[in-house]
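A.B. asks: The structure file data.cif (mmCIF, C-alpha atoms; chains and numbers go by the auth columns) is provided below.
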data_structure
#
loop_
_atom_site.group_PDB
_atom_site.id
_atom_site.type_symbol
_atom_site.label_atom_id
_atom_site.label_comp_id
_atom_site.label_asym_id
_atom_site.label_seq_id
_atom_site.Cartn_x
_atom_site.Cartn_y
_atom_site.Cartn_z
_atom_site.B_iso_or_equiv
_atom_site.auth_seq_id
_atom_site.auth_asym_id
ATOM 1 C CA MET A 1 -19.793 14.238 -5.683 0.00 1275 M
ATOM 2 C CA VAL A 2 -22.127 11.236 -5.550 0.00 1276 M
ATOM 3 C CA PHE A 3 -19.571 9.162 -7.454 0.00 1277 M
ATOM 4 C CA SER A 4 -16.807 9.977 -4.966 0.00 1278 M
ATOM 5 C CA VAL A 5 -19.013 9.026 -2.008 0.00 1279 M
ATOM 6 C CA ALA A 6 -19.941 5.765 -3.729 0.00 1280 M
ATOM 7 C CA LEU A 7 -16.273 5.061 -4.428 0.00 1281 M
ATOM 8 C CA LEU A 8 -15.314 5.653 -0.778 0.00 1282 M
ATOM 9 C CA PHE A 9 -18.168 3.425 0.348 0.00 1283 M
ATOM 10 C CA ALA A 10 -17.016 0.673 -2.038 0.00 1284 M
ATOM 11 C CA LEU A 11 -13.450 0.908 -0.699 0.00 1285 M
ATOM 12 C CA VAL A 12 -14.635 0.641 2.908 0.00 1286 M
ATOM 13 C CA MET A 13 -16.733 -2.390 2.068 0.00 1287 M
ATOM 14 C CA SER A 14 -14.003 -4.092 0.005 0.00 1288 M
ATOM 15 C CA TYR A 15 -11.455 -3.809 2.823 0.00 1289 M
ATOM 16 C CA GLN A 16 -14.120 -4.851 5.362 0.00 1290 M
ATOM 17 C CA LEU A 17 -13.581 -1.652 7.332 0.00 1291 M
ATOM 18 C CA SER A 18 -17.253 -1.417 8.182 0.00 1292 M
ATOM 19 C CA GLU A 19 -16.327 -2.997 11.535 0.00 1293 M
ATOM 20 C CA LEU A 20 -14.647 0.285 12.466 0.00 1294 M
ATOM 21 C CA LEU A 21 -17.908 2.154 12.044 0.00 1295 M
ATOM 22 C CA SER A 22 -20.144 -0.350 13.797 0.00 1296 M
ATOM 23 C CA PRO A 23 -20.792 0.408 17.490 0.00 1297 M
ATOM 24 C CA THR A 24 -21.341 -3.296 18.280 0.00 1298 M
ATOM 25 C CA GLU A 25 -18.143 -4.764 16.797 0.00 1299 M
ATOM 26 C CA ASN A 26 -15.076 -5.418 18.964 0.00 1300 M
ATOM 27 C CA ILE A 27 -11.764 -4.841 17.172 0.00 1301 M
ATOM 28 C CA THR A 28 -8.045 -4.539 17.935 0.00 1302 M
ATOM 29 C CA ILE A 29 -5.651 -2.550 15.739 0.00 1303 M
ATOM 30 C CA VAL A 30 -1.866 -2.585 16.070 0.00 1304 M
ATOM 31 C CA LYS A 31 -0.094 0.380 14.493 0.00 1305 M
ATOM 32 C CA ASN A 32 3.652 0.112 13.764 0.00 1306 M
ATOM 33 C CA PRO A 33 4.068 -3.436 15.140 0.00 1307 M
ATOM 34 C CA GLY A 34 7.503 -4.139 16.595 0.00 1308 M
ATOM 35 C CA GLN A 35 8.579 -0.494 16.441 0.00 1309 M
ATOM 36 C CA LYS A 36 9.386 1.891 19.293 0.00 1310 M
ATOM 37 C CA ASP A 37 6.218 3.868 18.574 0.00 1311 M
ATOM 38 C CA MET A 38 3.933 0.810 18.419 0.00 1312 M
ATOM 39 C CA GLN A 39 0.367 1.588 19.408 0.00 1313 M
ATOM 40 C CA ILE A 40 -2.433 -0.839 20.323 0.00 1314 M
ATOM 41 C CA ILE A 41 -5.989 0.414 19.847 0.00 1315 M
ATOM 42 C CA ILE A 42 -8.856 -1.665 21.241 0.00 1316 M
ATOM 43 C CA LYS A 43 -12.520 -0.925 20.624 0.00 1317 M
ATOM 44 C CA ASP A 44 -14.638 -2.986 22.989 0.00 1318 M
ATOM 45 C CA ASP A 45 -18.357 -2.449 23.647 0.00 1319 M
ATOM 46 C CA GLY A 46 -18.243 0.995 22.033 0.00 1320 M
ATOM 47 C CA THR A 47 -15.338 2.139 24.212 0.00 1321 M
ATOM 48 C CA GLN A 48 -11.999 2.870 22.584 0.00 1322 M
ATOM 49 C CA ARG A 49 -8.760 2.441 24.525 0.00 1323 M
ATOM 50 C CA SER A 50 -5.238 3.088 23.339 0.00 1324 M
ATOM 51 C CA TRP A 51 -1.820 2.000 24.635 0.00 1325 M
ATOM 52 C CA ILE A 52 1.520 3.354 23.475 0.00 1326 M
#
Please, can you express the file's structure as structure tokens?
C.D. replies:
Amino acid sequence: MVFSVALLFALVMSYQLSELLSPTENITIVKNPGQKDMQIIIKDDGTQRSWI
């Protein structure tokens, strides 16, 4: 169990996904760019907004 948690933590850190977990970071994610079901997710000042 401890090994699996450590492995997940290492993956998050290697892909620099810690920004997703930080309440102070501002990020923008585009899912399915250029497709009909494209979605833009913006996390700004701890508030998450989503556009479809």
A.B. asks: At what distance in Å, to one decimal, does atom CA of Thr1302 of chain M lie from atom CA of Gln1322 of chain M?
C.D. replies: 9.6 Å
A.B. asks: Could you check how far atom CA of Val1276 of chain M sits from atom CA of Thr1298 of chain M, in Å to one decimal?
C.D. replies: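 Interatomic distance here is 27.9 Å.
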A.B. asks: Can you work out the spacing between atom CA of Ile1303 of chain M and atom CA of Met1287 of chain M in Å, to one decimal?
C.D. replies: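 Between atom CA of Ile1303 of chain M and atom CA of Met1287 of chain M the gap works out to 17.6 Å.
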A.B. asks: For this structure, which residues satisfy the selection - the PyMOL selection byres ((chain M and resi 1324) around 8) - when it is evaluated on the file as given? I want them as a PyMOL selection string.
C.D. replies: chain M and resi 1313-1316+1322-1323+1325-1326
A.B. asks: Smallest atom-to-atom distance to Lys1317 of chain M: which of M:Ser1278, M:Ser1288, M:Phe1283, M:Pro1297, using all atoms listed in the file?
C.D. replies: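 With all atoms listed in the file as the atom set, the closest residue is M:Pro1297.
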A.B. asks: Between M:Ala1284, M:Glu1293, M:Glu1299, M:Pro1307, single out the one closest to Asp1319 of chain M, counting all atoms listed in the file.
C.D. replies: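 Closest candidate: M:Glu1299.
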A.B. asks: From the coordinates supplied, segment 1305-1318 of chain M should be written with all heavy atoms, as a PDB file, in the first residue's frame.
C.D. replies:
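Output below, filename decode-v9.pdb:
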ATOM      1  N   LYS M1305      -9.436  20.260 -22.911  1.00  0.00           N
ATOM      2  CA  LYS M1305      -9.703  18.854 -23.185  1.00  0.00           C
ATOM      3  C   LYS M1305     -10.286  18.734 -24.583  1.00  0.00           C
ATOM      4  O   LYS M1305     -11.147  19.510 -24.957  1.00  0.00           O
ATOM      5  CB  LYS M1305     -10.683  18.287 -22.159  1.00  0.00           C
ATOM      6  CG  LYS M1305     -10.122  18.229 -20.745  1.00  0.00           C
ATOM      7  CD  LYS M1305     -11.150  17.837 -19.719  1.00  0.00           C
ATOM      8  CE  LYS M1305     -11.684  16.461 -19.926  1.00  0.00           C
ATOM      9  NZ  LYS M1305     -12.637  16.062 -18.862  1.00  0.00           N
ATOM     10  N   ASN M1306      -9.807  17.787 -25.357  1.00  0.00           N
ATOM     11  CA  ASN M1306     -10.267  17.534 -26.731  1.00  0.00           C
ATOM     12  C   ASN M1306     -10.156  18.780 -27.607  1.00  0.00           C
ATOM     13  O   ASN M1306     -11.149  19.228 -28.189  1.00  0.00           O
ATOM     14  CB  ASN M1306     -11.704  17.016 -26.750  1.00  0.00           C
ATOM     15  CG  ASN M1306     -11.879  15.762 -25.953  1.00  0.00           C
ATOM     16  OD1 ASN M1306     -11.009  14.913 -25.920  1.00  0.00           O
ATOM     17  ND2 ASN M1306     -13.012  15.627 -25.295  1.00  0.00           N
ATOM     18  N   PRO M1307      -8.948  19.362 -27.735  1.00  0.00           N
ATOM     19  CA  PRO M1307      -8.817  20.590 -28.523  1.00  0.00           C
ATOM     20  C   PRO M1307      -9.202  20.378 -29.985  1.00  0.00           C
ATOM     21  O   PRO M1307      -8.836  19.390 -30.606  1.00  0.00           O
ATOM     22  CB  PRO M1307      -7.343  20.954 -28.388  1.00  0.00           C
ATOM     23  CG  PRO M1307      -6.658  19.703 -27.981  1.00  0.00           C
ATOM     24  CD  PRO M1307      -7.667  18.883 -27.242  1.00  0.00           C
ATOM     25  N   GLY M1308      -9.973  21.313 -30.524  1.00  0.00           N
ATOM     26  CA  GLY M1308     -10.376  21.281 -31.915  1.00  0.00           C
ATOM     27  C   GLY M1308     -11.532  20.343 -32.220  1.00  0.00           C
ATOM     28  O   GLY M1308     -11.966  20.257 -33.360  1.00  0.00           O
ATOM     29  N   GLN M1309     -12.059  19.672 -31.218  1.00  0.00           N
ATOM     30  CA  GLN M1309     -13.161  18.737 -31.419  1.00  0.00           C
ATOM     31  C   GLN M1309     -14.482  19.416 -31.065  1.00  0.00           C
ATOM     32  O   GLN M1309     -14.511  20.473 -30.448  1.00  0.00           O
ATOM     33  CB  GLN M1309     -12.973  17.498 -30.532  1.00  0.00           C
ATOM     34  CG  GLN M1309     -11.667  16.766 -30.768  1.00  0.00           C
ATOM     35  CD  GLN M1309     -11.580  16.162 -32.155  1.00  0.00           C
ATOM     36  OE1 GLN M1309     -12.552  15.629 -32.652  1.00  0.00           O
ATOM     37  NE2 GLN M1309     -10.411  16.286 -32.771  1.00  0.00           N
ATOM     38  N   LYS M1310     -15.588  18.778 -31.452  1.00  0.00           N
ATOM     39  CA  LYS M1310     -16.910  19.312 -31.125  1.00  0.00           C
ATOM     40  C   LYS M1310     -17.144  19.385 -29.623  1.00  0.00           C
ATOM     41  O   LYS M1310     -17.830  20.279 -29.139  1.00  0.00           O
ATOM     42  CB  LYS M1310     -17.997  18.447 -31.743  1.00  0.00           C
ATOM     43  CG  LYS M1310     -18.196  18.622 -33.199  1.00  0.00           C
ATOM     44  CD  LYS M1310     -19.329  17.751 -33.659  1.00  0.00           C
ATOM     45  CE  LYS M1310     -19.883  18.208 -34.965  1.00  0.00           C
ATOM     46  NZ  LYS M1310     -21.040  17.403 -35.386  1.00  0.00           N
ATOM     47  N   ASP M1311     -16.581  18.416 -28.888  1.00  0.00           N
ATOM     48  CA  ASP M1311     -16.796  18.366 -27.443  1.00  0.00           C
ATOM     49  C   ASP M1311     -15.625  18.969 -26.661  1.00  0.00           C
ATOM     50  O   ASP M1311     -15.363  18.593 -25.536  1.00  0.00           O
ATOM     51  CB  ASP M1311     -17.062  16.930 -26.997  1.00  0.00           C
ATOM     52  CG  ASP M1311     -15.919  15.990 -27.331  1.00  0.00           C
ATOM     53  OD1 ASP M1311     -15.048  16.355 -28.137  1.00  0.00           O
ATOM     54  OD2 ASP M1311     -15.895  14.877 -26.768  1.00  0.00           O
ATOM     55  N   MET M1312     -14.947  19.955 -27.271  1.00  0.00           N
ATOM     56  CA  MET M1312     -13.828  20.621 -26.603  1.00  0.00           C
ATOM     57  C   MET M1312     -14.316  21.294 -25.321  1.00  0.00           C
ATOM     58  O   MET M1312     -15.409  21.851 -25.281  1.00  0.00           O
ATOM     59  CB  MET M1312     -13.209  21.668 -27.526  1.00  0.00           C
ATOM     60  CG  MET M1312     -12.018  22.380 -26.923  1.00  0.00           C
ATOM     61  SD  MET M1312     -11.204  23.485 -28.086  1.00  0.00           S
ATOM     62  CE  MET M1312     -12.273  24.900 -27.991  1.00  0.00           C
ATOM     63  N   GLN M1313     -13.492  21.207 -24.290  1.00  0.00           N
ATOM     64  CA  GLN M1313     -13.845  21.794 -23.007  1.00  0.00           C
ATOM     65  C   GLN M1313     -12.649  22.575 -22.487  1.00  0.00           C
ATOM     66  O   GLN M1313     -11.525  22.093 -22.532  1.00  0.00           O
ATOM     67  CB  GLN M1313     -14.242  20.701 -22.028  1.00  0.00           C
ATOM     68  CG  GLN M1313     -14.720  21.204 -20.703  1.00  0.00           C
ATOM     69  CD  GLN M1313     -15.185  20.077 -19.801  1.00  0.00           C
ATOM     70  OE1 GLN M1313     -14.961  18.900 -20.068  1.00  0.00           O
ATOM     71  NE2 GLN M1313     -15.826  20.428 -18.718  1.00  0.00           N
ATOM     72  N   ILE M1314     -12.883  23.785 -21.997  1.00  0.00           N
ATOM     73  CA  ILE M1314     -11.836  24.622 -21.416  1.00  0.00           C
ATOM     74  C   ILE M1314     -12.106  24.725 -19.924  1.00  0.00           C
ATOM     75  O   ILE M1314     -13.184  25.136 -19.513  1.00  0.00           O
ATOM     76  CB  ILE M1314     -11.814  26.020 -22.047  1.00  0.00           C
ATOM     77  CG1 ILE M1314     -11.572  25.909 -23.554  1.00  0.00           C
ATOM     78  CG2 ILE M1314     -10.745  26.886 -21.387  1.00  0.00           C
ATOM     79  CD1 ILE M1314     -11.736  27.206 -24.297  1.00  0.00           C
ATOM     80  N   ILE M1315     -11.123  24.341 -19.128  1.00  0.00           N
ATOM     81  CA  ILE M1315     -11.247  24.387 -17.670  1.00  0.00           C
ATOM     82  C   ILE M1315     -10.207  25.377 -17.161  1.00  0.00           C
ATOM     83  O   ILE M1315      -9.017  25.238 -17.449  1.00  0.00           O
ATOM     84  CB  ILE M1315     -11.019  23.000 -17.055  1.00  0.00           C
ATOM     85  CG1 ILE M1315     -12.018  21.996 -17.634  1.00  0.00           C
ATOM     86  CG2 ILE M1315     -11.109  23.069 -15.530  1.00  0.00           C
ATOM     87  CD1 ILE M1315     -11.702  20.560 -17.306  1.00  0.00           C
ATOM     88  N   ILE M1316     -10.652  26.370 -16.412  1.00  0.00           N
ATOM     89  CA  ILE M1316      -9.765  27.393 -15.865  1.00  0.00           C
ATOM     90  C   ILE M1316      -9.873  27.383 -14.352  1.00  0.00           C
ATOM     91  O   ILE M1316     -10.973  27.464 -13.802  1.00  0.00           O
ATOM     92  CB  ILE M1316     -10.124  28.794 -16.400  1.00  0.00           C
ATOM     93  CG1 ILE M1316      -9.976  28.820 -17.916  1.00  0.00           C
ATOM     94  CG2 ILE M1316      -9.264  29.867 -15.743  1.00  0.00           C
ATOM     95  CD1 ILE M1316     -10.442  30.097 -18.554  1.00  0.00           C
ATOM     96  N   LYS M1317      -8.731  27.262 -13.688  1.00  0.00           N
ATOM     97  CA  LYS M1317      -8.695  27.380 -12.231  1.00  0.00           C
ATOM     98  C   LYS M1317      -7.940  28.662 -11.918  1.00  0.00           C
ATOM     99  O   LYS M1317      -6.765  28.799 -12.225  1.00  0.00           O
ATOM    100  CB  LYS M1317      -7.980  26.179 -11.602  1.00  0.00           C
ATOM    101  CG  LYS M1317      -8.094  26.166 -10.081  1.00  0.00           C
ATOM    102  CD  LYS M1317      -7.369  24.984  -9.483  1.00  0.00           C
ATOM    103  CE  LYS M1317      -6.101  25.536  -8.948  1.00  0.00           C
ATOM    104  NZ  LYS M1317      -5.229  24.663  -8.269  1.00  0.00           N
ATOM    105  N   ASP M1318      -8.647  29.620 -11.351  1.00  0.00           N
ATOM    106  CA  ASP M1318      -8.090  30.937 -11.083  1.00  0.00           C
ATOM    107  C   ASP M1318      -8.458  31.347  -9.666  1.00  0.00           C
ATOM    108  O   ASP M1318      -9.642  31.406  -9.325  1.00  0.00           O
ATOM    109  CB  ASP M1318      -8.647  31.937 -12.101  1.00  0.00           C
ATOM    110  CG  ASP M1318      -7.990  33.289 -12.022  1.00  0.00           C
ATOM    111  OD1 ASP M1318      -6.857  33.378 -11.514  1.00  0.00           O
ATOM    112  OD2 ASP M1318      -8.608  34.262 -12.478  1.00  0.00           O
TER     113      ASP M1318
END
